[in-house]
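Participant: Here it is, the structure, as structure tokens.
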Amino acid sequence: MLNITGKNKILAVIGNPIEHSLSPQLHNGVISQLNANGIDCNYTYIPLKMSIDHVEFGVKGLKALGIRGCNVTVPFKEAVIPYLDEIDDYAKKIGAVNTISLRDNKLVGFNTDALGFINSVKSKFSNFSFKNKAIAILGAGGSSKAICMALTEEPIKSINILNRSINRASQLQSHLQKLSNIEIQAHTLTTDNHSILNAADIIINTTSVGMHPNNSRSPLTSHQCISQKHLVIDIIYNPFESKLLYESKTKGALTMNGLGMLAGQAALYF
Ligand code: ATR
């Protein structure tokens, strides 16, 4: 039987879709472990599918219902910002929020994706260094913003941002370029990105293309440009191996899914 009482405090994740999310299992697992170890942790973590048309009501509703902490996932990492009472400096610099905390009746936005991503890559590959790496990043939404910001704080060589809509890629490029001397360029994500992808050392997918239930889709129309020299990272973790990662592995590339980043950002959230 579920041990939920009127004294439970609620944590949540908001997204749309939300069915794919592993965050409830992850956080409720940690809560159970803490309680089993005698550390009183009177929280329950629930998934909330928020309507795309009612972001304002949804975010304000978190305060109205006293939800203590909330993860924010696709596609709301930027959309929630106007409805928060405060945003911490790092999340403001990134321009995206993946964590909301209710503090003194104020909704405060944070970003744990950026550090979560970097920590997950460094802990997965023990001798790994970002030094002089050319990065190609697919997507220019909230997740991409966080990862790009974190990457500009590493000794990388360059970032190429490839996005379906060039406007969003260009906005992110000019935002980052104000904060960093690293060479950053924006491109439309098309069938024509072969040379950029081929020249990259690391390809990172931050788009939702290929996420459950659209498992047979990939953000790339062709995977011919991928070879053994690449590290391909997909922030998708459901499916465990996205089509992009499957195709990349077949071409001999090193691959990594989004579970590490999920765990990394979750640890910081918790
Ligand atoms: P999040 O905040 O989680 O990053 P988001 O801000 O909605 O979510 O960003 C989703 C990213 O996936 C965007 O880069 C989006 O491209 P657009 O900026 O052109 O919308 C990308 N994306 C979503 N669906 C896509 C699709 N079918 N094909 C290509 N890119 C897609």
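Starting from 1 in every chain, residues are counted up; chains themselves are A, B, ... following the order of the structure tokens, and ligands are numbered from 1 as listed.
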Can you tell me which residues come within 10 Å of ligand 1 when counting only C-alpha atoms and all ligand atoms, ideally as a PDB file with N, CA and C atoms, in the first residue's frame?
Facilitator:
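This is the output file part27.pdb:
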ATOM      1  N   GLY A  15       5.726  18.713 -17.484  1.00  0.00           N
ATOM      2  CA  GLY A  15       6.183  18.559 -18.863  1.00  0.00           C
ATOM      3  C   GLY A  15       5.007  18.183 -19.736  1.00  0.00           C
ATOM      4  N   ASN A  16       5.253  18.103 -21.038  1.00  0.00           N
ATOM      5  CA  ASN A  16       4.210  17.656 -21.966  1.00  0.00           C
ATOM      6  C   ASN A  16       4.884  17.207 -23.260  1.00  0.00           C
ATOM      7  N   VAL A  72      11.239  20.861 -14.253  1.00  0.00           N
ATOM      8  CA  VAL A  72      10.589  21.357 -15.466  1.00  0.00           C
ATOM      9  C   VAL A  72      11.242  20.656 -16.654  1.00  0.00           C
ATOM     10  N   THR A  73      10.417  20.029 -17.480  1.00  0.00           N
ATOM     11  CA  THR A  73      10.992  19.375 -18.653  1.00  0.00           C
ATOM     12  C   THR A  73      10.329  19.879 -19.923  1.00  0.00           C
ATOM     13  N   VAL A  74      10.693  19.256 -21.051  1.00  0.00           N
ATOM     14  CA  VAL A  74      10.272  19.692 -22.374  1.00  0.00           C
ATOM     15  C   VAL A  74       8.752  19.879 -22.446  1.00  0.00           C
ATOM     16  N   PRO A  75       8.199  20.950 -22.961  1.00  0.00           N
ATOM     17  CA  PRO A  75       8.856  22.075 -23.625  1.00  0.00           C
ATOM     18  C   PRO A  75       8.788  23.373 -22.810  1.00  0.00           C
ATOM     19  N   PHE A  76       8.897  23.265 -21.482  1.00  0.00           N
ATOM     20  CA  PHE A  76       8.561  24.428 -20.636  1.00  0.00           C
ATOM     21  C   PHE A  76       9.753  25.148 -19.990  1.00  0.00           C
ATOM     22  N   LYS A  77      10.986  24.731 -20.316  1.00  0.00           N
ATOM     23  CA  LYS A  77      12.134  25.254 -19.566  1.00  0.00           C
ATOM     24  C   LYS A  77      12.324  26.767 -19.726  1.00  0.00           C
ATOM     25  N   GLU A  78      11.855  27.304 -20.829  1.00  0.00           N
ATOM     26  CA  GLU A  78      11.890  28.762 -21.003  1.00  0.00           C
ATOM     27  C   GLU A  78      10.516  29.364 -20.698  1.00  0.00           C
ATOM     28  N   ALA A  79       9.473  28.635 -21.045  1.00  0.00           N
ATOM     29  CA  ALA A  79       8.106  29.171 -20.936  1.00  0.00           C
ATOM     30  C   ALA A  79       7.691  29.481 -19.496  1.00  0.00           C
ATOM     31  N   VAL A  80       8.275  28.797 -18.499  1.00  0.00           N
ATOM     32  CA  VAL A  80       7.863  29.034 -17.102  1.00  0.00           C
ATOM     33  C   VAL A  80       8.423  30.345 -16.556  1.00  0.00           C
ATOM     34  N   ALA A  96      17.070  29.592 -18.975  1.00  0.00           N
ATOM     35  CA  ALA A  96      16.193  28.408 -18.883  1.00  0.00           C
ATOM     36  C   ALA A  96      16.212  27.878 -17.454  1.00  0.00           C
ATOM     37  N   VAL A  97      15.072  27.307 -17.060  1.00  0.00           N
ATOM     38  CA  VAL A  97      14.891  26.818 -15.690  1.00  0.00           C
ATOM     39  C   VAL A  97      14.452  25.356 -15.759  1.00  0.00           C
ATOM     40  N   ASN A  98      15.132  24.489 -14.996  1.00  0.00           N
ATOM     41  CA  ASN A  98      14.640  23.104 -14.939  1.00  0.00           C
ATOM     42  C   ASN A  98      14.243  22.702 -13.519  1.00  0.00           C
ATOM     43  N   ILE A 137      25.830  20.881 -31.667  1.00  0.00           N
ATOM     44  CA  ILE A 137      24.688  20.642 -30.782  1.00  0.00           C
ATOM     45  C   ILE A 137      23.398  20.802 -31.582  1.00  0.00           C
ATOM     46  N   LEU A 138      22.547  19.800 -31.520  1.00  0.00           N
ATOM     47  CA  LEU A 138      21.273  19.805 -32.252  1.00  0.00           C
ATOM     48  C   LEU A 138      20.197  20.332 -31.308  1.00  0.00           C
ATOM     49  N   GLY A 139      19.530  21.429 -31.711  1.00  0.00           N
ATOM     50  CA  GLY A 139      18.495  22.022 -30.862  1.00  0.00           C
ATOM     51  C   GLY A 139      18.975  23.330 -30.248  1.00  0.00           C
ATOM     52  N   ALA A 140      18.023  24.217 -29.979  1.00  0.00           N
ATOM     53  CA  ALA A 140      18.352  25.523 -29.392  1.00  0.00           C
ATOM     54  C   ALA A 140      17.310  25.909 -28.347  1.00  0.00           C
ATOM     55  N   GLY A 141      16.681  24.919 -27.744  1.00  0.00           N
ATOM     56  CA  GLY A 141      15.677  25.167 -26.703  1.00  0.00           C
ATOM     57  C   GLY A 141      16.334  25.279 -25.330  1.00  0.00           C
ATOM     58  N   GLY A 142      15.543  25.094 -24.300  1.00  0.00           N
ATOM     59  CA  GLY A 142      16.013  25.270 -22.924  1.00  0.00           C
ATOM     60  C   GLY A 142      17.164  24.337 -22.565  1.00  0.00           C
ATOM     61  N   SER A 143      17.091  23.082 -22.995  1.00  0.00           N
ATOM     62  CA  SER A 143      18.157  22.128 -22.645  1.00  0.00           C
ATOM     63  C   SER A 143      19.449  22.505 -23.351  1.00  0.00           C
ATOM     64  N   SER A 144      19.315  22.903 -24.611  1.00  0.00           N
ATOM     65  CA  SER A 144      20.491  23.304 -25.381  1.00  0.00           C
ATOM     66  C   SER A 144      21.162  24.523 -24.746  1.00  0.00           C
ATOM     67  N   LYS A 145      20.349  25.478 -24.317  1.00  0.00           N
ATOM     68  CA  LYS A 145      20.892  26.688 -23.690  1.00  0.00           C
ATOM     69  C   LYS A 145      21.751  26.335 -22.480  1.00  0.00           C
ATOM     70  N   ALA A 146      21.225  25.429 -21.641  1.00  0.00           N
ATOM     71  CA  ALA A 146      21.944  25.050 -20.415  1.00  0.00           C
ATOM     72  C   ALA A 146      23.248  24.347 -20.764  1.00  0.00           C
ATOM     73  N   ILE A 147      23.185  23.425 -21.722  1.00  0.00           N
ATOM     74  CA  ILE A 147      24.389  22.658 -22.077  1.00  0.00           C
ATOM     75  C   ILE A 147      25.418  23.575 -22.739  1.00  0.00           C
ATOM     76  N   ILE A 161      25.691  25.389 -33.466  1.00  0.00           N
ATOM     77  CA  ILE A 161      24.314  25.119 -33.031  1.00  0.00           C
ATOM     78  C   ILE A 161      23.481  24.866 -34.280  1.00  0.00           C
ATOM     79  N   LEU A 162      22.838  23.707 -34.345  1.00  0.00           N
ATOM     80  CA  LEU A 162      21.992  23.372 -35.501  1.00  0.00           C
ATOM     81  C   LEU A 162      20.562  23.222 -35.017  1.00  0.00           C
ATOM     82  N   ASN A 163      19.672  24.048 -35.549  1.00  0.00           N
ATOM     83  CA  ASN A 163      18.281  23.993 -35.081  1.00  0.00           C
ATOM     84  C   ASN A 163      17.305  24.090 -36.235  1.00  0.00           C
ATOM     85  N   ARG A 164      16.133  23.482 -36.039  1.00  0.00           N
ATOM     86  CA  ARG A 164      15.078  23.517 -37.062  1.00  0.00           C
ATOM     87  C   ARG A 164      14.781  24.972 -37.436  1.00  0.00           C
ATOM     88  N   SER A 165      14.540  25.812 -36.421  1.00  0.00           N
ATOM     89  CA  SER A 165      14.288  27.225 -36.742  1.00  0.00           C
ATOM     90  C   SER A 165      15.574  28.008 -36.500  1.00  0.00           C
ATOM     91  N   ILE A 166      16.051  28.654 -37.546  1.00  0.00           N
ATOM     92  CA  ILE A 166      17.336  29.363 -37.472  1.00  0.00           C
ATOM     93  C   ILE A 166      17.283  30.522 -36.473  1.00  0.00           C
ATOM     94  N   ASN A 167      16.096  31.140 -36.313  1.00  0.00           N
ATOM     95  CA  ASN A 167      15.983  32.285 -35.401  1.00  0.00           C
ATOM     96  C   ASN A 167      16.429  31.948 -33.987  1.00  0.00           C
ATOM     97  N   ARG A 168      15.937  30.814 -33.525  1.00  0.00           N
ATOM     98  CA  ARG A 168      16.259  30.423 -32.152  1.00  0.00           C
ATOM     99  C   ARG A 168      17.759  30.101 -32.025  1.00  0.00           C
ATOM    100  N   ALA A 169      18.315  29.469 -33.061  1.00  0.00           N
ATOM    101  CA  ALA A 169      19.751  29.144 -33.043  1.00  0.00           C
ATOM    102  C   ALA A 169      20.570  30.436 -33.048  1.00  0.00           C
ATOM    103  N   THR A 188      20.811  26.240 -39.725  1.00  0.00           N
ATOM    104  CA  THR A 188      19.546  25.510 -39.792  1.00  0.00           C
ATOM    105  C   THR A 188      19.859  24.012 -39.810  1.00  0.00           C
ATOM    106  N   LEU A 189      19.083  23.245 -39.047  1.00  0.00           N
ATOM    107  CA  LEU A 189      19.242  21.784 -39.064  1.00  0.00           C
ATOM    108  C   LEU A 189      18.588  21.262 -40.345  1.00  0.00           C
ATOM    109  N   THR A 190      19.438  20.844 -41.313  1.00  0.00           N
ATOM    110  CA  THR A 190      18.914  20.370 -42.602  1.00  0.00           C
ATOM    111  C   THR A 190      19.624  19.070 -42.982  1.00  0.00           C
ATOM    112  N   ASN A 205      22.568  15.708 -29.029  1.00  0.00           N
ATOM    113  CA  ASN A 205      21.168  15.968 -29.397  1.00  0.00           C
ATOM    114  C   ASN A 205      20.400  16.461 -28.190  1.00  0.00           C
ATOM    115  N   THR A 206      19.837  17.667 -28.305  1.00  0.00           N
ATOM    116  CA  THR A 206      18.982  18.199 -27.227  1.00  0.00           C
ATOM    117  C   THR A 206      17.542  18.338 -27.707  1.00  0.00           C
ATOM    118  N   THR A 207      17.271  17.946 -28.961  1.00  0.00           N
ATOM    119  CA  THR A 207      15.879  18.027 -29.440  1.00  0.00           C
ATOM    120  C   THR A 207      15.101  16.842 -28.874  1.00  0.00           C
ATOM    121  N   SER A 208      13.790  16.939 -28.975  1.00  0.00           N
ATOM    122  CA  SER A 208      12.959  15.830 -28.476  1.00  0.00           C
ATOM    123  C   SER A 208      12.713  14.782 -29.563  1.00  0.00           C
ATOM    124  N   VAL A 209      13.397  14.928 -30.706  1.00  0.00           N
ATOM    125  CA  VAL A 209      13.146  13.999 -31.816  1.00  0.00           C
ATOM    126  C   VAL A 209      13.771  12.628 -31.506  1.00  0.00           C
ATOM    127  N   GLY A 210      12.905  11.607 -31.469  1.00  0.00           N
ATOM    128  CA  GLY A 210      13.363  10.252 -31.141  1.00  0.00           C
ATOM    129  C   GLY A 210      12.924   9.808 -29.762  1.00  0.00           C
ATOM    130  N   MET A 211      12.330  10.770 -29.019  1.00  0.00           N
ATOM    131  CA  MET A 211      11.855  10.442 -27.664  1.00  0.00           C
ATOM    132  C   MET A 211      10.597   9.571 -27.745  1.00  0.00           C
ATOM    133  N   ARG A 217      12.361   7.749 -34.882  1.00  0.00           N
ATOM    134  CA  ARG A 217      12.806   9.003 -35.502  1.00  0.00           C
ATOM    135  C   ARG A 217      14.191   9.420 -35.001  1.00  0.00           C
ATOM    136  N   SER A 218      14.893  10.149 -35.853  1.00  0.00           N
ATOM    137  CA  SER A 218      16.203  10.688 -35.476  1.00  0.00           C
ATOM    138  C   SER A 218      16.245  12.149 -35.913  1.00  0.00           C
ATOM    139  N   PRO A 219      16.952  13.017 -35.168  1.00  0.00           N
ATOM    140  CA  PRO A 219      17.053  14.410 -35.622  1.00  0.00           C
ATOM    141  C   PRO A 219      17.875  14.532 -36.906  1.00  0.00           C
ATOM    142  N   LEU A 220      18.657  13.505 -37.242  1.00  0.00           N
ATOM    143  CA  LEU A 220      19.449  13.527 -38.481  1.00  0.00           C
ATOM    144  C   LEU A 220      18.776  12.665 -39.549  1.00  0.00           C
ATOM    145  N   ILE A 235      20.420  13.489 -25.104  1.00  0.00           N
ATOM    146  CA  ILE A 235      19.900  13.708 -23.741  1.00  0.00           C
ATOM    147  C   ILE A 235      18.608  12.920 -23.520  1.00  0.00           C
TER     148      ILE A 235
END
Participant: Could you pull the residues within 12 Å of Asn3 of chain A, counting only C-alpha atoms, minus those fewer than 3 positions along the same chain, as a VMD selection string?
Facilitator: chain A and resid 6 to 8 28 31 to 32 35 42 to 44
Participant: Using N, CA, C and O atoms, can you write the selected residues to a file as a CSV table (one decimal), in the first residue's frame?
Facilitator:
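Final file, part-v9.csv:
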chain,number,residue,atom,x,y,z
A,6,GLY,N,-1.9,12.8,4.9
A,6,GLY,CA,-2.2,14.2,4.8
A,6,GLY,C,-1.0,15.1,5.1
A,6,GLY,O,-0.9,16.3,4.8
A,7,LYS,N,0.1,14.5,5.7
A,7,LYS,CA,1.3,15.2,6.1
A,7,LYS,C,2.3,15.2,5.0
A,7,LYS,O,3.3,15.9,5.1
A,8,ASN,N,2.0,14.5,3.9
A,8,ASN,CA,3.1,14.4,2.9
A,8,ASN,C,3.2,15.7,2.2
A,8,ASN,O,2.2,16.4,1.9
A,28,ASN,N,11.3,9.2,-6.1
A,28,ASN,CA,10.6,8.4,-5.0
A,28,ASN,C,11.5,7.3,-4.5
A,28,ASN,O,11.5,6.9,-3.3
A,31,ILE,N,13.8,9.0,-2.0
A,31,ILE,CA,13.0,9.2,-0.8
A,31,ILE,C,12.8,8.0,0.0
A,31,ILE,O,13.0,8.0,1.3
A,32,SER,N,12.5,6.8,-0.6
A,32,SER,CA,12.3,5.6,0.1
A,32,SER,C,13.6,5.2,0.8
A,32,SER,O,13.6,4.7,1.9
A,35,ASN,N,14.2,7.2,3.8
A,35,ASN,CA,13.3,6.8,4.9
A,35,ASN,C,13.8,5.5,5.5
A,35,ASN,O,13.8,5.3,6.7
A,42,ASN,N,9.6,13.2,4.3
A,42,ASN,CA,8.1,13.1,4.1
A,42,ASN,C,7.6,13.7,2.8
A,42,ASN,O,6.7,14.6,2.8
A,43,TYR,N,8.2,13.2,1.7
A,43,TYR,CA,7.9,13.8,0.4
A,43,TYR,C,7.4,12.7,-0.6
A,43,TYR,O,7.7,11.5,-0.4
A,44,THR,N,6.5,13.1,-1.5
A,44,THR,CA,6.1,12.2,-2.6
A,44,THR,C,6.3,13.0,-3.9
A,44,THR,O,5.9,14.2,-3.9
Participant: Please run DSSP on the backbone and report, as a ChimeraX atom specification, all residues within segment 22-264 of chain A that come out as strand (DSSP E or B).
Facilitator: /A:43-49,69-72,86-87,99-103,106-110,134-138,158-163,183-188,202-205,231-234,254-256
Participant: So how many Å separate atom CA of Gly116 of chain A and atom CA of Ala266 of chain A, to one decimal?
Facilitator: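 Straight-line distance from atom CA of Gly116 of chain A to atom CA of Ala266 of chain A works out to 7.8 Å.
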Participant: For a quick check of understanding, using only C-alpha atoms, which of A:Asn214, A:Thr221, A:Asn160, A:Gln265 has the smallest distance to Ile196 of chain A?
Facilitator: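 Between A:Asn214, A:Thr221, A:Asn160, A:Gln265, the residue approaching Ile196 of chain A most closely is A:Asn160.
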Participant: Leaving out Ala200 of chain A and any residue of its chain fewer than 6 positions from it, which residues lie within 7 Å of it when counting only C-alpha atoms, given as an mmCIF file with C-alpha atoms, in the first residue's frame?
Facilitator:
data_model
loop_
_atom_site.group_PDB
_atom_site.id
_atom_site.type_symbol
_atom_site.label_atom_id
_atom_site.label_comp_id
_atom_site.auth_asym_id
_atom_site.auth_seq_id
_atom_site.Cartn_x
_atom_site.Cartn_y
_atom_site.Cartn_z
ATOM 1 C CA ALA A 134 34.585 20.921 -31.597
ATOM 2 C CA ILE A 135 30.967 20.559 -30.551
ATOM 3 C CA ALA A 136 27.888 20.254 -32.777
#
Participant: Of the residues A:Gly260, A:Cys70, A:Tyr90, A:Ile233, which is the one nearest to Gly58 of chain A, using only C-alpha atoms?
Facilitator: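 Answer, going by the shortest atom-to-atom distance: A:Cys70.
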